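Structure data (PDB, C-alpha atoms (C1' of nucleotides)) from input.pdb:
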ATOM      1  CA  MET P 849     196.824 149.513  77.015
ATOM      2  CA  THR P 850     199.378 146.935  76.054
ATOM      3  CA  ASP P 851     198.859 145.247  72.725
ATOM      4  CA  ARG P 852     195.353 146.604  72.277
ATOM      5  CA  ASP P 853     196.807 150.035  72.064
ATOM      6  CA  THR P 854     195.029 150.850  68.821
ATOM      7  CA  SER P 855     191.732 149.279  69.826
ATOM      8  CA  HIS P 856     190.163 152.479  71.000
ATOM      9  CA  ARG P 857     191.721 154.672  68.385
ATOM     10  CA  ASP P 858     190.175 156.043  65.227
ATOM     11  CA  ALA P 859     189.958 152.862  63.222
ATOM     12  CA  SER P 860     188.253 150.827  65.909
ATOM     13  CA  ARG P 861     185.486 153.342  66.332
ATOM     14  CA  THR P 862     184.698 153.274  62.656
ATOM     15  CA  PRO P 863     181.071 152.236  62.260
ATOM     16  CA  ALA P 864     179.996 149.428  59.963
ATOM     17  CA  HIS P 865     180.054 150.190  56.263
ATOM     18  CA  PRO P 866     178.688 147.986  53.506
ATOM     19  CA  GLU P 867     181.179 146.426  51.142
ATOM     20  CA  ALA P 868     181.186 147.833  47.645
ATOM     21  CA  ALA P 869     179.556 144.643  46.404
ATOM     22  CA  GLU P 870     176.834 145.077  48.995
ATOM     23  CA  ILE P 871     175.721 148.462  47.741
ATOM     24  CA  ARG P 872     172.270 148.304  46.182
ATOM     25  CA  LEU P 873     171.023 150.745  43.615
ATOM     26  CA  GLU P 874     167.599 150.983  45.221
ATOM     27  CA  GLY P 875     169.191 151.861  48.532
ATOM     28  CA  VAL P 876     171.294 154.586  46.979
ATOM     29  CA  LEU P 877     168.338 156.078  45.138
ATOM     30  CA  HIS P 878     166.250 155.961  48.274
ATOM     31  CA  ALA P 879     169.006 157.612  50.288
ATOM     32  CA  LEU P 880     169.242 160.400  47.735
ATOM     33  CA  SER P 881     165.487 160.915  47.539
ATOM     34  CA  ASP P 882     165.374 162.807  50.820
ATOM     35  CA  PRO P 883     165.935 166.583  50.609
ATOM     36  CA  VAL P 884     168.051 166.748  53.745
ATOM     37  CA  ARG P 885     170.304 163.906  52.638
ATOM     38  CA  LEU P 886     170.525 165.252  49.121
ATOM     39  CA  SER P 887     171.736 168.574  50.467
ATOM     40  CA  ILE P 888     174.319 166.763  52.554
ATOM     41  CA  VAL P 889     175.594 164.903  49.524
ATOM     42  CA  LEU P 890     175.602 168.074  47.479
ATOM     43  CA  ASP P 891     177.615 169.878  50.122
ATOM     44  CA  LEU P 892     179.954 166.925  50.423
ATOM     45  CA  ALA P 893     180.515 166.823  46.691
ATOM     46  CA  GLY P 894     181.273 170.525  46.592
ATOM     47  CA  SER P 895     184.013 170.236  49.150
ATOM     48  CA  ALA P 896     187.370 168.805  48.226
ATOM     49  CA  ASP P 897     187.820 166.631  51.280
ATOM     50  CA  ASP P 898     186.030 165.231  54.268
ATOM     51  CA  LEU P 899     183.607 167.298  56.266
ATOM     52  CA  ALA P 900     182.701 167.039  59.918
ATOM     53  CA  CYS P 901     179.085 166.470  60.851
ATOM     54  CA  SER P 902     179.128 169.748  62.705
ATOM     55  CA  HIS P 903     179.949 171.582  59.506
ATOM     56  CA  PHE P 904     176.491 171.091  58.077
ATOM     57  CA  ASP P 905     173.750 173.545  58.882
ATOM     58  CA  LEU P 906     170.673 171.372  58.608
ATOM     59  CA  PRO P 907     167.114 172.294  59.522
ATOM     60  CA  VAL P 908     166.789 169.292  61.836
ATOM     61  CA  THR P 909     167.998 168.346  65.287
ATOM     62  CA  LYS P 910     171.150 166.448  66.067
ATOM     63  CA  SER P 911     169.318 163.166  66.515
ATOM     64  CA  THR P 912     167.810 163.452  63.078
ATOM     65  CA  THR P 913     171.144 164.407  61.611
ATOM     66  CA  THR P 914     172.662 161.250  63.046
ATOM     67  CA  HIS P 915     169.808 159.275  61.511
ATOM     68  CA  HIS P 916     170.369 160.759  58.042
ATOM     69  CA  PHE P 917     174.085 160.150  58.164
ATOM     70  CA  ARG P 918     173.425 156.563  59.134
ATOM     71  CA  VAL P 919     171.111 156.093  56.180
ATOM     72  CA  LEU P 920     173.754 157.538  53.892
ATOM     73  CA  ARG P 921     176.424 155.332  55.408
ATOM     74  CA  GLU P 922     174.396 152.122  55.398
ATOM     75  CA  SER P 923     173.331 152.648  51.819
ATOM     76  CA  GLY P 924     176.965 153.041  50.806
ATOM     77  CA  VAL P 925     176.844 156.691  49.785
ATOM     78  CA  VAL P 926     179.259 158.065  52.372
ATOM     79  CA  ARG P 927     182.141 156.799  54.434
ATOM     80  CA  GLN P 928     182.511 157.907  58.027
ATOM     81  CA  ALA P 929     185.460 157.903  60.354
ATOM     82  CA  TYR P 930     186.073 159.341  63.767
ATOM     83  CA  ARG P 931     188.779 161.826  64.431
ATOM     84  CA  GLY P 932     188.800 162.753  68.033
ATOM     85  CA  THR P 933     185.320 163.810  69.042
ATOM     86  CA  THR P 934     184.225 164.747  65.573
ATOM     87  CA  LYS P 935     183.191 162.454  62.748
ATOM     88  CA  LEU P 936     184.448 163.003  59.261
ATOM     89  CA  ASN P 937     182.279 162.271  56.240
ATOM     90  CA  ALA P 938     183.300 161.633  52.667
ATOM     91  CA  LEU P 939     181.485 160.559  49.548
ATOM     92  CA  ARG P 940     182.285 157.044  48.362
ATOM     93  CA  ARG P 941     182.923 158.391  44.907
ATOM     94  CA  ASP P 942     185.250 155.613  43.825
ATOM     95  CA  ASP P 943     182.907 152.798  44.809
ATOM     96  CA  LEU P 944     179.820 154.491  43.430
ATOM     97  CA  ASP P 945     181.496 155.361  40.146
ATOM     98  CA  ALA P 946     182.736 151.810  39.788
ATOM     99  CA  LEU P 947     179.329 150.310  40.466
ATOM    100  CA  PHE P 948     177.120 152.888  38.792
ATOM    101  CA  PRO P 949     179.151 154.870  36.246
ATOM    102  CA  GLY P 950     177.928 158.407  35.832
ATOM    103  CA  LEU P 951     175.097 158.051  38.299
ATOM    104  CA  LEU P 952     176.483 160.223  41.055
ATOM    105  CA  ASP P 953     177.551 162.958  38.684
ATOM    106  CA  SER P 954     174.213 163.112  36.953
ATOM    107  CA  VAL P 955     172.395 163.242  40.268
ATOM    108  CA  LEU P 956     174.661 166.017  41.498
ATOM    109  CA  THR P 957     174.222 167.942  38.265
ATOM    110  CA  ALA P 958     170.487 167.416  38.397
ATOM    111  CA  ALA P 959     170.309 168.564  42.006
ATOM    112  CA  ALA P 960     172.293 171.697  41.238
ATOM    113  CA  ALA P 961     170.150 172.386  38.188
ATOM    114  CA  GLU P 962     166.972 171.932  40.147
ATOM    115  CA  ALA P 963     168.183 174.160  42.954
ATOM    116  CA  ALA P 964     168.969 176.855  40.431
ATOM    117  CA  ARG P 965     165.635 176.314  38.758
ATOM    118  CA  LEU P 966     163.650 176.667  41.976
ATOM    119  CA  THR P 967     165.488 179.664  43.368
ATOM    120  CA  ALA P 968     165.408 181.545  40.094
TER     121      ALA P 968
ATOM    122  CA  MET G1117     126.648 165.653  25.200
ATOM    123  CA  THR G1118     126.629 168.301  22.551
ATOM    124  CA  ASP G1119     129.896 170.155  22.256
ATOM    125  CA  ARG G1120     131.615 167.813  24.702
ATOM    126  CA  ASP G1121     131.539 165.066  22.131
ATOM    127  CA  THR G1122     135.226 164.232  22.576
ATOM    128  CA  SER G1123     135.039 164.208  26.338
ATOM    129  CA  HIS G1124     134.820 160.457  26.630
ATOM    130  CA  ARG G1125     137.376 159.653  23.974
ATOM    131  CA  ASP G1126     141.012 158.668  24.406
ATOM    132  CA  ALA G1127     142.499 162.057  25.139
ATOM    133  CA  SER G1128     139.883 162.962  27.700
ATOM    134  CA  ARG G1129     140.511 159.827  29.686
ATOM    135  CA  THR G1130     144.164 160.689  29.989
ATOM    136  CA  PRO G1131     144.967 160.981  33.686
ATOM    137  CA  ALA G1132     146.685 164.026  35.155
ATOM    138  CA  HIS G1133     150.388 164.359  34.436
ATOM    139  CA  PRO G1134     152.766 166.875  35.966
ATOM    140  CA  GLU G1135     154.189 169.549  33.698
ATOM    141  CA  ALA G1136     157.869 169.186  32.906
ATOM    142  CA  ALA G1137     158.623 172.153  35.147
ATOM    143  CA  GLU G1138     156.753 170.439  37.964
ATOM    144  CA  ILE G1139     158.947 167.357  37.999
ATOM    145  CA  ARG G1140     161.048 167.165  41.141
ATOM    146  CA  LEU G1141     164.300 165.275  41.392
ATOM    147  CA  GLU G1142     163.459 163.846  44.799
ATOM    148  CA  GLY G1143     160.195 162.515  43.424
ATOM    149  CA  VAL G1144     161.925 160.848  40.505
ATOM    150  CA  LEU G1145     164.576 159.280  42.729
ATOM    151  CA  HIS G1146     161.936 158.060  45.133
ATOM    152  CA  ALA G1147     159.899 156.607  42.304
ATOM    153  CA  LEU G1148     162.934 154.736  41.027
ATOM    154  CA  SER G1149     163.948 153.462  44.462
ATOM    155  CA  ASP G1150     161.300 150.751  44.496
ATOM    156  CA  PRO G1151     162.280 147.413  42.918
ATOM    157  CA  VAL G1152     158.913 146.889  41.259
ATOM    158  CA  ARG G1153     158.876 150.342  39.726
ATOM    159  CA  LEU G1154     162.502 150.102  38.703
ATOM    160  CA  SER G1155     161.778 146.888  36.846
ATOM    161  CA  ILE G1156     158.873 148.581  35.117
ATOM    162  CA  VAL G1157     161.083 151.444  33.990
ATOM    163  CA  LEU G1158     163.759 149.036  32.892
ATOM    164  CA  ASP G1159     161.289 147.066  30.824
ATOM    165  CA  LEU G1160     159.868 150.272  29.411
ATOM    166  CA  ALA G1161     163.300 151.507  28.410
ATOM    167  CA  GLY G1162     164.133 148.243  26.705
ATOM    168  CA  SER G1163     161.101 148.387  24.487
ATOM    169  CA  ALA G1164     161.012 150.725  21.524
ATOM    170  CA  ASP G1165     157.519 152.038  22.088
ATOM    171  CA  ASP G1166     154.665 152.121  24.533
ATOM    172  CA  LEU G1167     153.722 149.079  26.563
ATOM    173  CA  ALA G1168     150.362 148.097  27.967
ATOM    174  CA  CYS G1169     150.046 147.564  31.690
ATOM    175  CA  SER G1170     149.069 143.980  31.011
ATOM    176  CA  HIS G1171     152.407 143.340  29.368
ATOM    177  CA  PHE G1172     154.291 143.466  32.640
ATOM    178  CA  ASP G1173     154.634 140.357  34.750
ATOM    179  CA  LEU G1174     154.927 141.790  38.230
ATOM    180  CA  PRO G1175     154.965 139.909  41.543
ATOM    181  CA  VAL G1176     152.112 142.011  42.923
ATOM    182  CA  THR G1177     148.376 142.205  42.483
ATOM    183  CA  LYS G1178     146.642 144.447  40.010
ATOM    184  CA  SER G1179     145.732 147.008  42.660
ATOM    185  CA  THR G1180     149.361 147.388  43.584
ATOM    186  CA  THR G1181     150.328 147.592  39.938
ATOM    187  CA  THR G1182     147.925 150.493  39.496
ATOM    188  CA  HIS G1183     149.458 152.147  42.533
ATOM    189  CA  HIS G1184     153.001 151.834  41.167
ATOM    190  CA  PHE G1185     152.040 153.178  37.774
ATOM    191  CA  ARG G1186     150.384 156.127  39.446
ATOM    192  CA  VAL G1187     153.530 156.893  41.420
ATOM    193  CA  LEU G1188     155.556 156.737  38.230
ATOM    194  CA  ARG G1189     153.089 158.975  36.427
ATOM    195  CA  GLU G1190     152.720 161.537  39.209
ATOM    196  CA  SER G1191     156.464 161.805  39.656
ATOM    197  CA  GLY G1192     156.847 162.501  35.951
ATOM    198  CA  VAL G1193     158.685 159.339  34.980
ATOM    199  CA  VAL G1194     156.093 157.857  32.641
ATOM    200  CA  ARG G1195     153.290 159.119  30.471
ATOM    201  CA  GLN G1196     150.067 157.136  30.304
ATOM    202  CA  ALA G1197     147.267 157.149  27.785
ATOM    203  CA  TYR G1198     144.256 154.958  27.250
ATOM    204  CA  ARG G1199     143.669 153.048  24.099
ATOM    205  CA  GLY G1200     140.461 151.155  24.327
ATOM    206  CA  THR G1201     140.450 149.123  27.516
ATOM    207  CA  THR G1202     144.192 148.994  27.880
ATOM    208  CA  LYS G1203     146.501 151.722  29.078
ATOM    209  CA  LEU G1204     149.712 152.459  27.287
ATOM    210  CA  ASN G1205     152.820 153.507  29.161
ATOM    211  CA  ALA G1206     155.873 155.319  27.901
ATOM    212  CA  LEU G1207     158.943 156.804  29.519
ATOM    213  CA  ARG G1208     159.099 160.603  29.504
ATOM    214  CA  ARG G1209     162.612 160.438  28.114
ATOM    215  CA  ASP G1210     162.554 163.850  26.487
ATOM    216  CA  ASP G1211     161.401 165.682  29.594
ATOM    217  CA  LEU G1212     163.691 163.796  31.929
ATOM    218  CA  ASP G1213     166.710 164.236  29.686
ATOM    219  CA  ALA G1214     165.997 167.951  29.396
ATOM    220  CA  LEU G1215     165.645 168.398  33.146
ATOM    221  CA  PHE G1216     168.259 165.948  34.370
ATOM    222  CA  PRO G1217     170.767 165.229  31.590
ATOM    223  CA  GLY G1218     172.213 161.748  31.766
ATOM    224  CA  LEU G1219     170.307 160.787  34.885
ATOM    225  CA  LEU G1220     167.904 158.333  33.324
ATOM    226  CA  ASP G1221     170.605 156.653  31.263
ATOM    227  CA  SER G1222     172.916 156.211  34.209
ATOM    228  CA  VAL G1223     170.101 154.791  36.328
ATOM    229  CA  LEU G1224     169.144 152.381  33.569
ATOM    230  CA  THR G1225     172.740 151.346  33.062
ATOM    231  CA  ALA G1226     173.206 150.939  36.788
ATOM    232  CA  ALA G1227     170.045 148.871  37.100
ATOM    233  CA  ALA G1228     171.091 146.605  34.264
ATOM    234  CA  ALA G1229     174.581 146.259  35.740
ATOM    235  CA  GLU G1230     173.201 145.428  39.151
ATOM    236  CA  ALA G1231     170.766 142.894  37.744
ATOM    237  CA  ALA G1232     173.636 141.197  35.939
ATOM    238  CA  ARG G1233     175.756 141.390  39.074
ATOM    239  CA  LEU G1234     173.125 139.765  41.270
ATOM    240  CA  THR G1235     172.078 137.003  38.907
ATOM    241  CA  ALA G1236     175.634 136.061  38.048
TER     242      ALA G1236
ATOM    243  C1'  DC J 202     121.881 142.898  25.209
ATOM    244  C1'  DG J 203     125.049 140.247  28.186
ATOM    245  C1'  DT J 204     129.416 139.246  29.493
ATOM    246  C1'  DC J 205     134.373 139.287  29.612
ATOM    247  C1'  DT J 206     138.643 141.743  30.149
ATOM    248  C1'  DG J 207     141.555 145.495  31.924
ATOM    249  C1'  DC J 208     142.132 148.803  35.024
ATOM    250  C1'  DT J 209     140.521 151.885  39.041
ATOM    251  C1'  DT J 210     138.771 153.042  43.601
ATOM    252  C1'  DC J 211     138.233 152.339  48.296
ATOM    253  C1'  DG J 212     139.239 151.042  52.724
ATOM    254  C1'  DA J 213     142.467 148.464  55.592
ATOM    255  C1'  DC J 214     146.651 146.741  57.612
ATOM    256  C1'  DG J 215     151.586 146.304  58.683
ATOM    257  C1'  DA J 216     155.959 148.208  57.963
ATOM    258  C1'  DC J 217     158.912 151.706  57.451
ATOM    259  C1'  DT J 218     160.430 156.823  57.775
ATOM    260  C1'  DC J 219     161.252 161.266  59.611
ATOM    261  C1'  DT J 220     161.109 163.826  63.390
ATOM    262  C1'  DC J 221     161.930 164.897  68.126
ATOM    263  C1'  DG J 222     163.526 165.064  73.298
ATOM    264  C1'  DT J 223     165.986 163.077  76.748
ATOM    265  C1'  DA J 224     169.478 160.484  78.430
ATOM    266  C1'  DC J 225     173.928 158.791  77.494
ATOM    267  C1'  DC J 226     179.001 157.952  76.069
ATOM    268  C1'  DA J 227     183.711 159.303  74.595
ATOM    269  C1'  DT J 228     187.190 162.407  73.642
ATOM    270  C1'  DG J 229     189.817 166.629  74.726
ATOM    271  C1'  DG J 230     191.086 170.761  77.541
ATOM    272  C1'  DG J 231     191.428 173.491  81.654
TER     273       DG J 231
ATOM    274  C1'  DC Z  30     189.725 165.397  87.759
ATOM    275  C1'  DC Z  31     185.783 167.612  86.108
ATOM    276  C1'  DC Z  32     183.380 169.568  82.611
ATOM    277  C1'  DA Z  33     182.402 171.124  77.871
ATOM    278  C1'  DT Z  34     181.715 169.408  73.201
ATOM    279  C1'  DG Z  35     180.307 166.297  69.462
ATOM    280  C1'  DG Z  36     177.914 162.474  68.460
ATOM    281  C1'  DT Z  37     174.938 158.161  69.783
ATOM    282  C1'  DA Z  38     170.964 155.253  71.686
ATOM    283  C1'  DC Z  39     166.434 154.803  72.836
ATOM    284  C1'  DG Z  40     161.835 155.401  72.777
ATOM    285  C1'  DA Z  41     157.832 157.679  70.873
ATOM    286  C1'  DG Z  42     154.636 159.991  67.750
ATOM    287  C1'  DA Z  43     152.905 161.432  63.206
ATOM    288  C1'  DG Z  44     153.008 160.474  58.649
ATOM    289  C1'  DT Z  45     153.879 157.848  54.397
ATOM    290  C1'  DC Z  46     154.420 153.611  51.733
ATOM    291  C1'  DG Z  47     153.599 149.031  49.799
ATOM    292  C1'  DT Z  48     150.489 145.558  49.825
ATOM    293  C1'  DC Z  49     146.103 143.305  49.523
ATOM    294  C1'  DG Z  50     140.951 142.057  48.625
ATOM    295  C1'  DA Z  51     136.519 143.311  47.232
ATOM    296  C1'  DA Z  52     133.697 146.101  44.590
ATOM    297  C1'  DG Z  53     133.116 148.888  40.598
ATOM    298  C1'  DC Z  54     133.464 151.029  35.891
ATOM    299  C1'  DA Z  55     134.455 151.386  30.875
ATOM    300  C1'  DG Z  56     135.289 149.395  26.314
ATOM    301  C1'  DA Z  57     135.243 145.201  23.363
ATOM    302  C1'  DC Z  58     132.947 141.503  21.425
ATOM    303  C1'  DG Z  59     129.797 137.804  20.602
TER     304       DG Z  59
END
With the file now loaded, output its structure as structure tokens.
Amino acid sequence: MTDRDTSHRDASRTPAHPEAAEIRLEGVLHALSDPVRLSIVLDLAGSADDLACSHFDLPVTKSTTTHHFRVLRESGVVRQAYRGTTKLNALRRDDLDALFPGLLDSVLTAAAAEAARLTA
Amino acid sequence: MTDRDTSHRDASRTPAHPEAAEIRLEGVLHALSDPVRLSIVLDLAGSADDLACSHFDLPVTKSTTTHHFRVLRESGVVRQAYRGTTKLNALRRDDLDALFPGLLDSVLTAAAAEAARLTA
DNA sequence: CGTCTGCTTCGACGACTCTCGTACCATGGG
DNA sequence: CCCATGGTACGAGAGTCGTCGAAGCAGACG
């Protein structure tokens, strides 16, 4: 722990994220087409700031949860960062809005509308 | 063939479409997450009116084309109707806009933007 | 009538997805 | 230092998806 003091800190454990220019529309749509992932995104959008993975109450095991978060991360929908033992998740609102203006909002609105429609 | 005189005419050969209330957001997003289908929708949106299946120049065989059009129809994205030997396709803009306001437009805009971004 | 065109149906195959359980690692606290 | 906690890695299994070719059907047209 001399000059590599920060090597095992938060930033170094950050998993690989695609650049904004690497985000593909098909990938985003595919990521959002899964009910579990859509609920994650919906929950994430409803909260003001980052949420830990453990916050979500999903009907799948931890392995599957990891898988879904990876799909969301690799498609460019969320950004993940470690903080201690937990992992914080945040929507990449800025990047998505810049690339696909209005898309995220309309999907979120549509998801909320559909949820209301089906539970009515 | 007495009272069922119209049974083999255009309307009767119309394949099954989901009701507007049956359209699911996940299904729509999944349908749009395939490059071939997205290009179909894009082409369909660019044209003023219905387009025949034969109009599209897709990099797949005819069997696969049929498959993609079925996915689009069954997810509620397009409406299909026969006219003679050809089949006409049209976006279900009204239904989609009513269910998911702004979604279709933002996807179309995003697809056009991405196409321009990748061919630049 | 015969044939051509446009689309469908039916397997089939490879690839990918979602799911899981188990084993594992890395951080933080007693 | 040891263990509890939160998340990951690695198969593995069931299911779905995209693709194709070959065969078939329904109108159109000579």
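Using only C-alpha atoms (C1' of nucleotides), the chain P residues found within 10 Å of chain Z amount to Ala900, Cys901, Ser902, Lys910, Ser911, Thr913, Thr914, His915, Tyr930, Gly932, Thr933, Thr934 and Lys935 of chain P.
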Test item: chain J residues at most 8 Å from chain P, counting all atoms listed in the file, as a PyMOL selection string = chain J and resi 219-221+227-229
Write out as a PyMOL selection string each polymer residue whose atoms come within 10 Å of segment 946-954 of chain P, counting all atoms listed in the file; drop sequence neighbours fewer than 6 positions from it.
-> (chain P and resi 868-869+871-873+876-877+880+889+893+925+939-940+960) or (chain G and resi 1216-1230+1233)
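Distance-wise, atom CA of Glu1190 of chain G and atom CA of Glu1142 of chain G end up 12.3 Å apart.
The gap separating atom CA of Asn1205 of chain G from atom CA of Arg1153 of chain G is 12.6 Å, in Å to one decimal.
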Here atom CA of Leu892 of chain P and atom CA of Leu936 of chain P stand apart by 10.7 Å
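For chain G placed onto chain P with an all-Cα least-squares superposition, the residual RMSD comes to 0.6 Å.
Considering all atoms listed in the file, the residue among G:Arg1186, G:Arg1129, G:His1146, G:Arg1195 positioned nearest to chain P is G:His1146.
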Closest to chain P among G:Thr1235, G:Leu1174, G:Val1187, G:Asp1213, using all atoms listed in the file?
-> G:Asp1213
With distances taken over only C-alpha atoms, which of P:Ala864, P:Ala896, P:Ala879, P:Val926 is nearest to chain G?
-> P:Ala879
